[in-house]
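Pasted below: structure.txt, compact mmCIF, C-alpha atoms.
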# COMPACT_ATOMS: atom_id res chain seq x y z
CA MET A 1 9.10 6.84 -45.09
CA SER A 2 8.64 4.85 -41.88
CA VAL A 3 12.37 4.24 -41.83
CA LEU A 4 13.18 7.95 -42.04
CA ILE A 5 10.57 8.84 -39.41
CA SER A 6 11.86 6.12 -37.08
CA LEU A 7 15.42 7.35 -37.50
CA LEU A 8 14.41 10.93 -36.64
CA ILE A 9 12.36 9.81 -33.63
CA GLY A 10 15.32 7.73 -32.46
CA LEU A 11 17.47 10.85 -32.67
CA VAL A 12 14.96 12.86 -30.62
CA PHE A 13 14.75 10.07 -28.04
CA GLY A 14 18.54 9.85 -27.85
CA CYS A 15 18.91 13.61 -27.43
CA GLY A 16 16.32 13.45 -24.64
CA LEU A 17 18.41 10.79 -22.89
CA ILE A 18 21.53 12.96 -23.22
CA VAL A 19 19.86 16.19 -22.04
CA SER A 20 18.13 14.45 -19.13
CA GLY A 21 21.29 12.86 -17.73
CA MET A 22 20.01 9.31 -18.28
CA SER A 23 23.01 8.58 -20.50
CA ASN A 24 25.33 9.22 -17.56
CA PRO A 25 25.44 5.93 -15.61
CA ALA A 26 27.01 7.61 -12.58
CA LYS A 27 23.97 9.91 -12.34
CA VAL A 28 21.54 7.02 -12.76
CA LEU A 29 23.26 5.17 -9.91
CA ALA A 30 23.08 8.33 -7.78
CA PHE A 31 19.31 8.22 -8.32
CA LEU A 32 19.14 4.50 -7.44
CA ASP A 33 21.19 5.10 -4.27
CA LEU A 34 18.45 6.19 -1.87
CA VAL A 35 20.66 5.89 1.19
CA GLY A 36 23.61 7.94 -0.02
CA ASP A 37 23.32 11.53 -1.19
CA TRP A 38 20.22 11.10 -3.33
CA ASP A 39 19.97 12.75 -6.74
CA PRO A 40 16.22 12.81 -7.52
CA SER A 41 16.72 14.14 -11.08
CA LEU A 42 15.61 10.98 -12.83
CA ALA A 43 12.21 11.11 -11.16
CA LEU A 44 11.70 14.36 -13.05
CA VAL A 45 12.82 12.73 -16.30
CA MET A 46 10.06 10.16 -15.83
CA ALA A 47 7.55 12.84 -14.87
CA GLY A 48 8.34 14.94 -17.94
CA ALA A 49 8.18 11.97 -20.30
CA ILE A 50 4.95 10.63 -18.82
CA ALA A 51 3.28 14.06 -18.91
CA VAL A 52 3.70 14.15 -22.70
CA GLY A 53 3.02 10.41 -23.01
CA LEU A 54 -0.32 10.58 -21.16
CA LEU A 55 -1.55 13.16 -23.64
CA ALA A 56 -0.29 11.24 -26.68
CA PHE A 57 -1.76 7.91 -25.62
CA ARG A 58 -5.06 9.56 -24.76
CA ILE A 59 -5.23 10.93 -28.31
CA ALA A 60 -4.12 7.58 -29.74
CA ALA A 61 -6.81 5.71 -27.79
CA GLN A 62 -9.53 7.77 -29.48
CA ARG A 63 -8.27 7.06 -32.97
CA PRO A 64 -8.81 4.00 -35.19
CA THR A 65 -5.30 4.30 -36.69
CA SER A 66 -2.19 6.41 -36.37
CA LEU A 67 -2.13 9.86 -38.01
CA ARG A 68 -0.44 8.19 -40.97
CA GLY A 69 -3.17 5.54 -41.19
CA LYS A 70 -1.07 2.78 -39.66
CA PRO A 71 -2.46 0.22 -37.22
CA LEU A 72 -1.98 1.17 -33.56
CA GLN A 73 0.02 -1.74 -32.20
CA MET A 74 -0.86 -1.54 -28.53
CA PRO A 75 0.35 -4.29 -26.20
CA THR A 76 -2.42 -6.82 -25.55
CA ALA A 77 -0.99 -8.73 -22.56
CA ARG A 78 -2.88 -8.03 -19.34
CA GLN A 79 -1.81 -10.74 -16.93
CA ILE A 80 0.72 -10.09 -14.20
CA ASP A 81 2.59 -13.38 -14.31
CA ARG A 82 5.88 -14.91 -13.24
CA ARG A 83 7.58 -13.92 -16.49
CA LEU A 84 6.78 -10.25 -15.93
CA LEU A 85 7.94 -10.35 -12.31
CA ALA A 86 11.08 -12.44 -12.89
CA GLY A 87 12.07 -10.50 -16.01
CA SER A 88 11.59 -7.12 -14.34
CA THR A 89 13.57 -8.28 -11.30
CA LEU A 90 16.52 -9.46 -13.43
CA PHE A 91 16.37 -6.27 -15.47
CA GLY A 92 16.33 -4.14 -12.31
CA ILE A 93 19.33 -5.97 -10.86
CA GLY A 94 21.29 -5.43 -14.08
CA TRP A 95 20.23 -1.78 -14.15
CA GLY A 96 21.36 -1.37 -10.54
CA LEU A 97 24.75 -2.99 -11.22
CA ALA A 98 25.81 -0.56 -13.94
CA GLY A 99 23.21 2.24 -14.10
CA ILE A 100 22.60 1.50 -17.78
CA CYS A 101 19.29 0.52 -19.41
CA PRO A 102 18.81 -0.28 -23.12
CA GLY A 103 18.27 3.26 -24.51
CA PRO A 104 21.26 4.86 -22.77
CA ALA A 105 23.36 1.80 -23.70
CA LEU A 106 22.91 2.65 -27.40
CA VAL A 107 23.65 6.33 -26.76
CA LEU A 108 26.85 5.38 -24.87
CA LEU A 109 27.83 3.17 -27.79
CA GLY A 110 27.44 6.12 -30.14
CA SER A 111 29.45 8.41 -27.90
CA GLY A 112 32.42 6.09 -28.43
CA SER A 113 32.59 4.68 -24.92
CA ALA A 114 34.46 1.33 -24.83
CA LYS A 115 32.47 0.30 -21.76
CA GLY A 116 29.28 1.29 -23.56
CA PHE A 117 30.29 -0.94 -26.45
CA VAL A 118 30.94 -3.92 -24.18
CA PHE A 119 27.66 -3.36 -22.35
CA VAL A 120 25.72 -3.32 -25.63
CA LEU A 121 27.39 -6.58 -26.74
CA ALA A 122 26.49 -8.21 -23.41
CA MET A 123 22.94 -6.85 -23.64
CA LEU A 124 22.50 -8.23 -27.17
CA ALA A 125 23.86 -11.57 -25.93
CA GLY A 126 21.27 -11.52 -23.14
CA MET A 127 18.52 -10.77 -25.65
CA ALA A 128 19.73 -13.57 -27.96
CA LEU A 129 19.79 -15.88 -24.95
CA PHE A 130 16.15 -14.98 -24.34
CA THR A 131 15.24 -15.73 -27.95
CA ALA A 132 16.90 -19.16 -27.65
CA TYR A 133 15.20 -19.80 -24.29
CA GLU A 134 11.84 -18.79 -25.75
CA ARG A 135 12.28 -21.09 -28.75
CA ARG A 136 13.13 -24.02 -26.47
CA SER A 137 10.23 -23.49 -24.11
CA ARG A 138 7.87 -23.14 -27.11
CA ALA A 139 9.15 -26.41 -28.56
CA ARG A 140 8.74 -28.16 -25.20
CA GLN A 141 5.22 -26.76 -24.89
CA ALA A 142 4.33 -28.00 -28.38
CA GLN A 143 5.72 -31.42 -27.51
CA SER A 144 3.70 -31.71 -24.31
CA ASP A 145 0.58 -30.48 -26.11
CA ALA A 146 1.07 -33.17 -28.79
CA GLY A 147 1.43 -35.83 -26.11
CA LYS A 148 -1.94 -35.02 -24.53
CA MET B 1 16.57 9.00 6.11
CA ILE B 2 16.91 10.31 2.61
CA THR B 3 19.18 13.29 2.11
CA ILE B 4 18.89 15.06 -1.21
CA ASP B 5 22.09 15.83 -3.05
CA TRP B 6 21.17 19.40 -4.04
CA LEU B 7 24.56 19.96 -5.64
CA HIS B 8 24.01 17.32 -8.31
CA PHE B 9 20.23 17.71 -8.62
CA THR B 10 19.49 19.02 -12.12
CA PRO B 11 15.72 19.59 -12.23
CA ALA B 12 15.59 21.78 -15.36
CA SER B 13 17.64 19.57 -17.67
CA ALA B 14 16.00 16.44 -16.25
CA LEU B 15 12.55 17.80 -17.00
CA ALA B 16 13.59 19.11 -20.44
CA GLY B 17 15.16 15.77 -21.36
CA GLY B 18 12.09 13.97 -20.06
CA LEU B 19 9.85 16.11 -22.28
CA LEU B 20 12.00 15.21 -25.31
CA ILE B 21 11.77 11.50 -24.45
CA GLY B 22 8.00 11.89 -24.09
CA LEU B 23 7.85 13.72 -27.42
CA ALA B 24 9.69 10.87 -29.13
CA ALA B 25 7.33 8.30 -27.59
CA ALA B 26 4.35 10.46 -28.63
CA LEU B 27 5.58 10.76 -32.22
CA LEU B 28 6.21 7.02 -32.52
CA ILE B 29 2.71 6.04 -31.39
CA LEU B 30 0.88 8.85 -33.19
CA LEU B 31 2.75 8.54 -36.51
CA GLU B 32 3.84 4.91 -36.66
CA GLY B 33 1.43 3.27 -34.22
CA ARG B 34 4.35 1.78 -32.31
CA ILE B 35 5.36 1.67 -28.66
CA ALA B 36 8.74 3.29 -27.96
CA GLY B 37 10.15 0.44 -25.90
CA ILE B 38 13.85 0.17 -26.59
CA SER B 39 14.30 -3.43 -25.42
CA GLY B 40 11.36 -4.51 -27.58
CA ILE B 41 12.54 -2.58 -30.63
CA VAL B 42 16.11 -3.87 -30.38
CA GLY B 43 15.10 -7.36 -29.25
CA GLY B 44 12.79 -7.62 -32.25
CA LEU B 45 15.85 -7.28 -34.46
CA LEU B 46 17.16 -10.56 -33.07
CA GLN B 47 13.77 -12.19 -33.48
CA PRO B 48 12.11 -10.71 -36.57
CA LEU B 49 8.41 -11.40 -36.43
CA ARG B 50 7.49 -10.38 -39.93
CA GLU B 51 8.99 -9.35 -43.16
CA GLY B 52 9.33 -5.55 -43.36
CA ASP B 53 9.58 -5.35 -39.59
CA VAL B 54 13.34 -5.00 -39.48
CA ALA B 55 14.09 -1.68 -41.20
CA TRP B 56 12.20 0.69 -38.88
CA ARG B 57 13.66 -1.02 -35.80
CA ALA B 58 17.19 -0.73 -37.15
CA ALA B 59 16.57 2.91 -38.10
CA PHE B 60 15.25 3.79 -34.63
CA ALA B 61 18.23 2.09 -32.96
CA LEU B 62 20.59 3.86 -35.34
CA GLY B 63 18.96 7.17 -34.35
CA LEU B 64 19.78 6.45 -30.69
CA VAL B 65 23.38 5.56 -31.54
CA ALA B 66 23.74 8.65 -33.75
CA ALA B 67 22.18 11.02 -31.18
CA PRO B 68 25.47 11.86 -29.42
CA LEU B 69 27.07 12.64 -32.79
CA LEU B 70 24.25 15.04 -33.66
CA TYR B 71 24.34 16.53 -30.16
CA GLN B 72 28.11 17.00 -30.35
CA ALA B 73 27.76 18.95 -33.58
CA LEU B 74 25.55 21.51 -31.80
CA ALA B 75 26.84 21.59 -28.24
CA GLU B 76 29.31 19.97 -25.92
CA LEU B 77 28.26 16.51 -24.76
CA PRO B 78 27.55 16.48 -21.03
CA GLN B 79 29.88 14.49 -18.79
CA SER B 80 29.23 10.77 -18.60
CA ARG B 81 30.98 8.31 -16.32
CA ILE B 82 30.92 4.51 -16.02
CA ASP B 83 32.64 3.43 -12.80
CA THR B 84 31.46 -0.17 -13.02
CA GLY B 85 34.26 -2.70 -13.64
CA TRP B 86 34.40 -4.76 -16.82
CA ALA B 87 33.23 -8.10 -15.39
CA THR B 88 30.27 -6.54 -13.56
CA LEU B 89 29.45 -4.59 -16.70
CA VAL B 90 29.14 -7.80 -18.74
CA VAL B 91 26.93 -9.44 -16.10
CA ALA B 92 24.80 -6.29 -15.95
CA GLY B 93 24.43 -6.20 -19.72
CA VAL B 94 23.31 -9.82 -19.94
CA LEU B 95 20.80 -9.32 -17.11
CA VAL B 96 19.43 -6.15 -18.71
CA GLY B 97 19.09 -7.85 -22.10
CA PHE B 98 17.57 -11.10 -20.87
CA GLY B 99 15.45 -9.58 -18.12
CA SER B 100 13.91 -6.81 -20.23
CA ARG B 101 12.91 -9.34 -22.90
CA LEU B 102 11.50 -11.82 -20.39
CA GLY B 103 9.59 -9.03 -18.64
CA SER B 104 8.45 -7.56 -22.00
CA GLY B 105 9.89 -4.13 -21.38
CA CYS B 106 12.36 -1.80 -19.75
CA THR B 107 12.46 1.78 -18.50
CA SER B 108 11.00 3.10 -21.75
CA GLY B 109 8.44 0.43 -22.67
CA HIS B 110 7.00 -0.10 -19.19
CA GLY B 111 8.26 3.01 -17.37
CA VAL B 112 7.39 5.69 -19.92
CA CYS B 113 4.92 4.21 -22.43
CA GLY B 114 3.25 1.70 -20.11
CA LEU B 115 2.61 4.24 -17.36
CA SER B 116 1.41 6.73 -19.99
CA ARG B 117 -1.08 4.10 -21.19
CA ARG B 118 -2.04 3.59 -17.54
CA SER B 119 -1.34 -0.13 -17.86
CA PRO B 120 -1.51 -1.95 -14.51
CA ARG B 121 0.92 -4.56 -15.85
CA SER B 122 3.51 -1.88 -16.65
CA LEU B 123 2.97 -0.23 -13.27
CA VAL B 124 3.79 -3.54 -11.55
CA ALA B 125 6.83 -4.06 -13.81
CA THR B 126 8.09 -0.53 -13.10
CA ILE B 127 7.69 -0.93 -9.35
CA VAL B 128 9.51 -4.28 -9.50
CA PHE B 129 12.51 -3.13 -11.56
CA MET B 130 12.86 0.12 -9.63
CA THR B 131 12.79 -1.80 -6.35
CA ALA B 132 15.34 -4.31 -7.70
CA GLY B 133 17.53 -1.39 -8.85
CA PHE B 134 17.34 0.37 -5.47
CA ALA B 135 18.07 -2.93 -3.66
CA THR B 136 21.02 -3.76 -5.90
CA VAL B 137 22.67 -0.37 -5.38
CA PHE B 138 21.98 -0.58 -1.66
CA ALA B 139 23.55 -4.03 -1.47
CA GLY B 140 26.59 -3.02 -3.55
CA ARG B 141 27.26 0.33 -1.91
CA HIS B 142 26.13 -0.05 1.68
CA LEU B 143 25.64 -3.71 2.60
CA PHE B 144 28.70 -5.41 1.13
CA ALA B 145 30.88 -2.38 0.45
Now that the file is in, can you turn its structure into structure tokens?
Amino acid sequence: MSVLISLLIGLVFGCGLIVSGMSNPAKVLAFLDLVGDWDPSLALVMAGAIAVGLLAFRIAAQRPTSLRGKPLQMPTARQIDRRLLAGSTLFGIGWGLAGICPGPALVLLGSGSAKGFVFVLAMLAGMALFTAYERRSRARQAQSDAGK
Amino acid sequence: MITIDWLHFTPASALAGGLLIGLAAALLILLEGRIAGISGIVGGLLQPLREGDVAWRAAFALGLVAAPLLYQALAELPQSRIDTGWATLVVAGVLVGFGSRLGSGCTSGHGVCGLSRRSPRSLVATIVFMTAGFATVFAGRHLFA
């Protein structure tokens, strides 16, 4: 059941990206280009999404579980650390280079764009690189902890 | 000074699309108890934490990939253009993949869900990646163009 629900929600999300213009990298770059002729559309995409999100997360916060009785898996990290800042900076640079973030990348892949396909491959490689990096730094941490 | 490009400004469809994105995020937290962060959902596929954690992630990602096919069946897909060259595209993809995982989120996880949760951490992340995005486009289009 969760699989079917997730698939349908993914479809809704993807259609939202298409309708909003987020799946058009040229439009995203026109939003990120403050100095040129600025297209503020994407600010309204965020505003619309957050308006609904605020309501949903307010409801969720008052509930012990989801409506289907599942645990609410809220992020627990609170600290603003170097990882958050460095990661967000790298992500923002990549976003600014092509105008594509992870959701729209998958939509572009589905629309049959060759460039979308290549971007998704590169993005998955970047994510795999992170997994490898994480594993190595964990191992190093464990080693230094054992040496104490 | 900022000049608004009124010709390409699409407030109605931007807002409508935003509401749909918000609806999807709302459904995922209220039904499944999950945060609709695309980098986290996809990244988790490469790093499965638990058994039974793979299927819903794959299904959600498949929904995103299938969205243009569904959309196409009902209406004409809106124009989409990627002007970025191949080499830059690959660099951008790697940075987006690695950076969003290192920073624990992207436009959806921090930008939509995090701000909706009123998380200070996500607010900082969103300000940082937006600033980096603005700076990168500025550098590419106006500084070194």
| task | Quote the spacing between CA of Leu77 (chain B) and CA of Leu109 (chain A) in Å to one decimal place. | result |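 These two atoms are separated by 13.7 Å.
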As a PDB file with C-alpha atoms, keeping the file's coordinate frame, please: the residues near Ala135 (chain B) (cut-off 10 Å, only C-alpha atoms, same-chain neighbours under 2 positions excluded).
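Final output, out_17.pdb:
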ATOM      1  CA  LEU A  32      19.140   4.500  -7.440  1.00  0.00           C
ATOM      2  CA  ASP A  33      21.190   5.100  -4.270  1.00  0.00           C
ATOM      3  CA  LEU A  34      18.450   6.190  -1.870  1.00  0.00           C
ATOM      4  CA  GLY A  92      16.330  -4.140 -12.310  1.00  0.00           C
ATOM      5  CA  ILE A  93      19.330  -5.970 -10.860  1.00  0.00           C
ATOM      6  CA  GLY A  96      21.360  -1.370 -10.540  1.00  0.00           C
TER       7      GLY A  96
ATOM      8  CA  PHE B 129      12.510  -3.130 -11.560  1.00  0.00           C
ATOM      9  CA  MET B 130      12.860   0.120  -9.630  1.00  0.00           C
ATOM     10  CA  THR B 131      12.790  -1.800  -6.350  1.00  0.00           C
ATOM     11  CA  ALA B 132      15.340  -4.310  -7.700  1.00  0.00           C
ATOM     12  CA  GLY B 133      17.530  -1.390  -8.850  1.00  0.00           C
ATOM     13  CA  VAL B 137      22.670  -0.370  -5.380  1.00  0.00           C
ATOM     14  CA  PHE B 138      21.980  -0.580  -1.660  1.00  0.00           C
ATOM     15  CA  ALA B 139      23.550  -4.030  -1.470  1.00  0.00           C
ATOM     16  CA  GLY B 140      26.590  -3.020  -3.550  1.00  0.00           C
ATOM     17  CA  ARG B 141      27.260   0.330  -1.910  1.00  0.00           C
ATOM     18  CA  LEU B 143      25.640  -3.710   2.600  1.00  0.00           C
TER      19      LEU B 143
END
| request: Go ahead and compute the interatomic distance for CA of Glu32 (chain B) and CA of Ile5 (chain A), in Å to one decimal. | output: 8.3 Å
| request: Using all atoms listed in the file, find the one residue out of B:Gly37, B:Pro11, B:Gly97, B:Gly22 that sits nearest to Gly48 (chain A). | output: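 Checking each candidate against Gly48 (chain A), we get B:Gly22 as the closest.
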| task | One decimal, Å: what's the distance from CA of Pro120 (chain B) over to CA of Pro75 (chain A), could you say? | result |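 Spanning CA of Pro120 (chain B) to CA of Pro75 (chain A) is a straight-line distance of 12.1 Å.
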| said: Calculated over all atoms listed in the file, which of the candidates A:Phe91, A:Ala77, A:Lys27, A:Arg136 has the smallest distance to chain B? | reply: A:Phe91
| message | Quick one: residues within 9 Å of Val52 (chain A), all atoms listed in the file, excluding same-chain residues fewer than 3 positions away - as a list in words? | response |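 Near Val52 (chain A), the qualifying residues are Ala47, Gly48, Ala49, Leu55, Ala56 and Phe57 of chain A; Gly18, Leu19, Leu20, Ile21, Gly22, Leu23, Ala25, Ala26 and Ser116 of chain B.
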| query | Which one of B:Gly99, B:Gly17, B:Glu76, B:Trp86 sits closest to Leu129 (chain A) if you count only C-alpha atoms? | reply |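 Result for the nearest residue to Leu129 (chain A): B:Gly99.
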| task | Point out the residue among A:Ser113, A:Leu108, A:Phe130, A:Leu84 with the least atom-to-atom distance to Gly105 (chain B), counting only C-alpha atoms. | result |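 Comparing A:Ser113, A:Leu108, A:Phe130, A:Leu84 against Gly105 (chain B), the winner is A:Leu84.
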Contacts of Ala92 (chain B) at 12 Å (all atoms listed in the file; same-chain gap of 2+ positions) as a compact mmCIF listing (two decimals) with C-alpha atoms, keeping the file's coordinate frame:
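Just written: around_24.txt:
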# COMPACT_ATOMS: atom_id res chain seq x y z
CA LEU A 90 16.52 -9.46 -13.43
CA PHE A 91 16.37 -6.27 -15.47
CA GLY A 92 16.33 -4.14 -12.31
CA ILE A 93 19.33 -5.97 -10.86
CA GLY A 94 21.29 -5.43 -14.08
CA TRP A 95 20.23 -1.78 -14.15
CA GLY A 96 21.36 -1.37 -10.54
CA LEU A 97 24.75 -2.99 -11.22
CA ALA A 98 25.81 -0.56 -13.94
CA GLY A 99 23.21 2.24 -14.10
CA ILE A 100 22.60 1.50 -17.78
CA CYS A 101 19.29 0.52 -19.41
CA PRO A 102 18.81 -0.28 -23.12
CA ALA A 105 23.36 1.80 -23.70
CA LYS A 115 32.47 0.30 -21.76
CA GLY A 116 29.28 1.29 -23.56
CA VAL A 118 30.94 -3.92 -24.18
CA PHE A 119 27.66 -3.36 -22.35
CA VAL A 120 25.72 -3.32 -25.63
CA LEU A 121 27.39 -6.58 -26.74
CA ALA A 122 26.49 -8.21 -23.41
CA MET A 123 22.94 -6.85 -23.64
CA LEU A 124 22.50 -8.23 -27.17
CA ALA A 125 23.86 -11.57 -25.93
CA GLY A 126 21.27 -11.52 -23.14
CA THR B 84 31.46 -0.17 -13.02
CA GLY B 85 34.26 -2.70 -13.64
CA TRP B 86 34.40 -4.76 -16.82
CA ALA B 87 33.23 -8.10 -15.39
CA THR B 88 30.27 -6.54 -13.56
CA LEU B 89 29.45 -4.59 -16.70
CA VAL B 90 29.14 -7.80 -18.74
CA VAL B 94 23.31 -9.82 -19.94
CA LEU B 95 20.80 -9.32 -17.11
CA VAL B 96 19.43 -6.15 -18.71
CA GLY B 97 19.09 -7.85 -22.10
CA PHE B 98 17.57 -11.10 -20.87
CA GLY B 99 15.45 -9.58 -18.12
CA SER B 100 13.91 -6.81 -20.23
CA GLY B 133 17.53 -1.39 -8.85
CA THR B 136 21.02 -3.76 -5.90
| query | Pick the closest to Asn24 (chain A) from B:Ile82, B:Leu102, B:Leu28, B:Ala16: which is it, counting only C-alpha atoms? | reply |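 Once distances to Asn24 (chain A) are computed over only C-alpha atoms, the minimum belongs to B:Ile82.
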| Nearest to Ser122 (chain B) by atom-to-atom distance, counting only C-alpha atoms, from A:Arg78, A:Arg63, A:Arg58, A:Lys70 |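 For Ser122 (chain B), the nearest of the candidates is A:Arg78.
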Emit region 10-100 of chain A of the structure in the block as a file comprising C-alpha atoms, as an mmCIF file, in the first residue's frame.
data_model
loop_
_atom_site.group_PDB
_atom_site.id
_atom_site.type_symbol
_atom_site.label_atom_id
_atom_site.label_comp_id
_atom_site.auth_asym_id
_atom_site.auth_seq_id
_atom_site.Cartn_x
_atom_site.Cartn_y
_atom_site.Cartn_z
ATOM 1 C CA GLY A 10 5.503 11.130 -6.697
ATOM 2 C CA LEU A 11 3.223 11.676 -9.683
ATOM 3 C CA VAL A 12 1.506 14.633 -7.985
ATOM 4 C CA PHE A 13 4.883 16.119 -7.035
ATOM 5 C CA GLY A 14 6.164 15.667 -10.588
ATOM 6 C CA CYS A 15 3.072 17.271 -12.104
ATOM 7 C CA GLY A 16 3.538 20.182 -9.700
ATOM 8 C CA LEU A 17 7.104 20.612 -10.945
ATOM 9 C CA ILE A 18 5.894 20.583 -14.565
ATOM 10 C CA VAL A 19 2.994 23.008 -14.003
ATOM 11 C CA SER A 20 5.146 25.382 -11.947
ATOM 12 C CA GLY A 21 7.921 25.690 -14.520
ATOM 13 C CA MET A 22 10.538 24.161 -12.203
ATOM 14 C CA SER A 23 11.191 21.413 -14.748
ATOM 15 C CA ASN A 24 12.314 24.020 -17.273
ATOM 16 C CA PRO A 25 15.995 24.706 -16.448
ATOM 17 C CA ALA A 26 16.029 27.862 -18.578
ATOM 18 C CA LYS A 27 13.241 29.307 -16.392
ATOM 19 C CA VAL A 28 15.013 28.298 -13.180
ATOM 20 C CA LEU A 29 18.167 30.074 -14.371
ATOM 21 C CA ALA A 30 16.084 33.143 -15.248
ATOM 22 C CA PHE A 31 14.971 33.161 -11.601
ATOM 23 C CA LEU A 32 18.556 32.754 -10.345
ATOM 24 C CA ASP A 33 19.731 35.597 -12.601
ATOM 25 C CA LEU A 34 18.899 38.596 -10.426
ATOM 26 C CA VAL A 35 20.883 41.015 -12.554
ATOM 27 C CA GLY A 36 19.406 40.158 -15.936
ATOM 28 C CA ASP A 37 15.704 40.323 -16.711
ATOM 29 C CA TRP A 38 14.476 38.642 -13.537
ATOM 30 C CA ASP A 39 11.690 36.065 -13.673
ATOM 31 C CA PRO A 40 10.341 35.909 -10.084
ATOM 32 C CA SER A 41 7.984 32.970 -10.831
ATOM 33 C CA LEU A 42 9.864 30.437 -8.737
ATOM 34 C CA ALA A 43 9.440 32.532 -5.604
ATOM 35 C CA LEU A 44 5.717 31.951 -6.038
ATOM 36 C CA VAL A 45 6.287 28.215 -6.482
ATOM 37 C CA MET A 46 8.000 28.188 -3.089
ATOM 38 C CA ALA A 47 5.287 30.358 -1.548
ATOM 39 C CA GLY A 48 2.510 28.087 -2.817
ATOM 40 C CA ALA A 49 4.248 24.916 -1.676
ATOM 41 C CA ILE A 50 5.110 26.313 1.755
ATOM 42 C CA ALA A 51 1.572 27.632 2.298
ATOM 43 C CA VAL A 52 0.226 24.080 2.029
ATOM 44 C CA GLY A 53 3.258 22.630 3.820
ATOM 45 C CA LEU A 54 2.883 24.894 6.876
ATOM 46 C CA LEU A 55 -0.654 23.641 7.362
ATOM 47 C CA ALA A 56 0.284 19.980 6.862
ATOM 48 C CA PHE A 57 3.245 20.057 9.232
ATOM 49 C CA ARG A 58 1.199 21.895 11.841
ATOM 50 C CA ILE A 59 -1.364 19.085 11.727
ATOM 51 C CA ALA A 60 1.398 16.465 11.751
ATOM 52 C CA ALA A 61 3.051 18.036 14.802
ATOM 53 C CA GLN A 62 -0.135 17.561 16.832
ATOM 54 C CA ARG A 63 -0.442 13.890 15.981
ATOM 55 C CA PRO A 64 1.329 10.877 17.515
ATOM 56 C CA THR A 65 1.451 9.068 14.146
ATOM 57 C CA SER A 66 0.528 9.619 10.526
ATOM 58 C CA LEU A 67 -3.125 9.243 9.485
ATOM 59 C CA ARG A 68 -2.269 5.683 8.508
ATOM 60 C CA GLY A 69 -0.724 4.983 11.913
ATOM 61 C CA LYS A 70 2.859 5.170 10.700
ATOM 62 C CA PRO A 71 5.661 6.782 12.699
ATOM 63 C CA LEU A 72 6.282 10.432 11.811
ATOM 64 C CA GLN A 73 9.913 10.423 10.736
ATOM 65 C CA MET A 74 10.843 14.032 11.368
ATOM 66 C CA PRO A 75 14.468 15.091 10.962
ATOM 67 C CA THR A 76 16.212 15.250 14.334
ATOM 68 C CA ALA A 77 19.388 17.179 13.443
ATOM 69 C CA ARG A 78 19.442 20.686 14.897
ATOM 70 C CA GLN A 79 23.018 21.850 14.608
ATOM 71 C CA ILE A 80 24.125 24.236 11.899
ATOM 72 C CA ASP A 81 27.517 22.749 11.119
ATOM 73 C CA ARG A 82 30.154 22.747 8.412
ATOM 74 C CA ARG A 83 28.548 19.814 6.625
ATOM 75 C CA LEU A 84 25.267 21.689 6.242
ATOM 76 C CA LEU A 85 26.991 24.848 5.024
ATOM 77 C CA ALA A 86 29.490 23.144 2.696
ATOM 78 C CA GLY A 87 26.888 20.757 1.285
ATOM 79 C CA SER A 88 24.351 23.520 0.652
ATOM 80 C CA THR A 89 27.034 25.659 -1.002
ATOM 81 C CA LEU A 90 28.094 22.855 -3.368
ATOM 82 C CA PHE A 91 24.467 22.052 -4.114
ATOM 83 C CA GLY A 92 23.717 25.712 -4.844
ATOM 84 C CA ILE A 93 26.687 26.004 -7.205
ATOM 85 C CA GLY A 94 25.557 22.906 -9.109
ATOM 86 C CA TRP A 95 21.986 24.230 -9.204
ATOM 87 C CA GLY A 96 23.249 27.560 -10.553
ATOM 88 C CA LEU A 97 25.360 25.880 -13.254
ATOM 89 C CA ALA A 98 22.485 24.022 -14.895
ATOM 90 C CA GLY A 99 19.231 25.194 -13.266
ATOM 91 C CA ILE A 100 18.379 21.615 -12.313
#
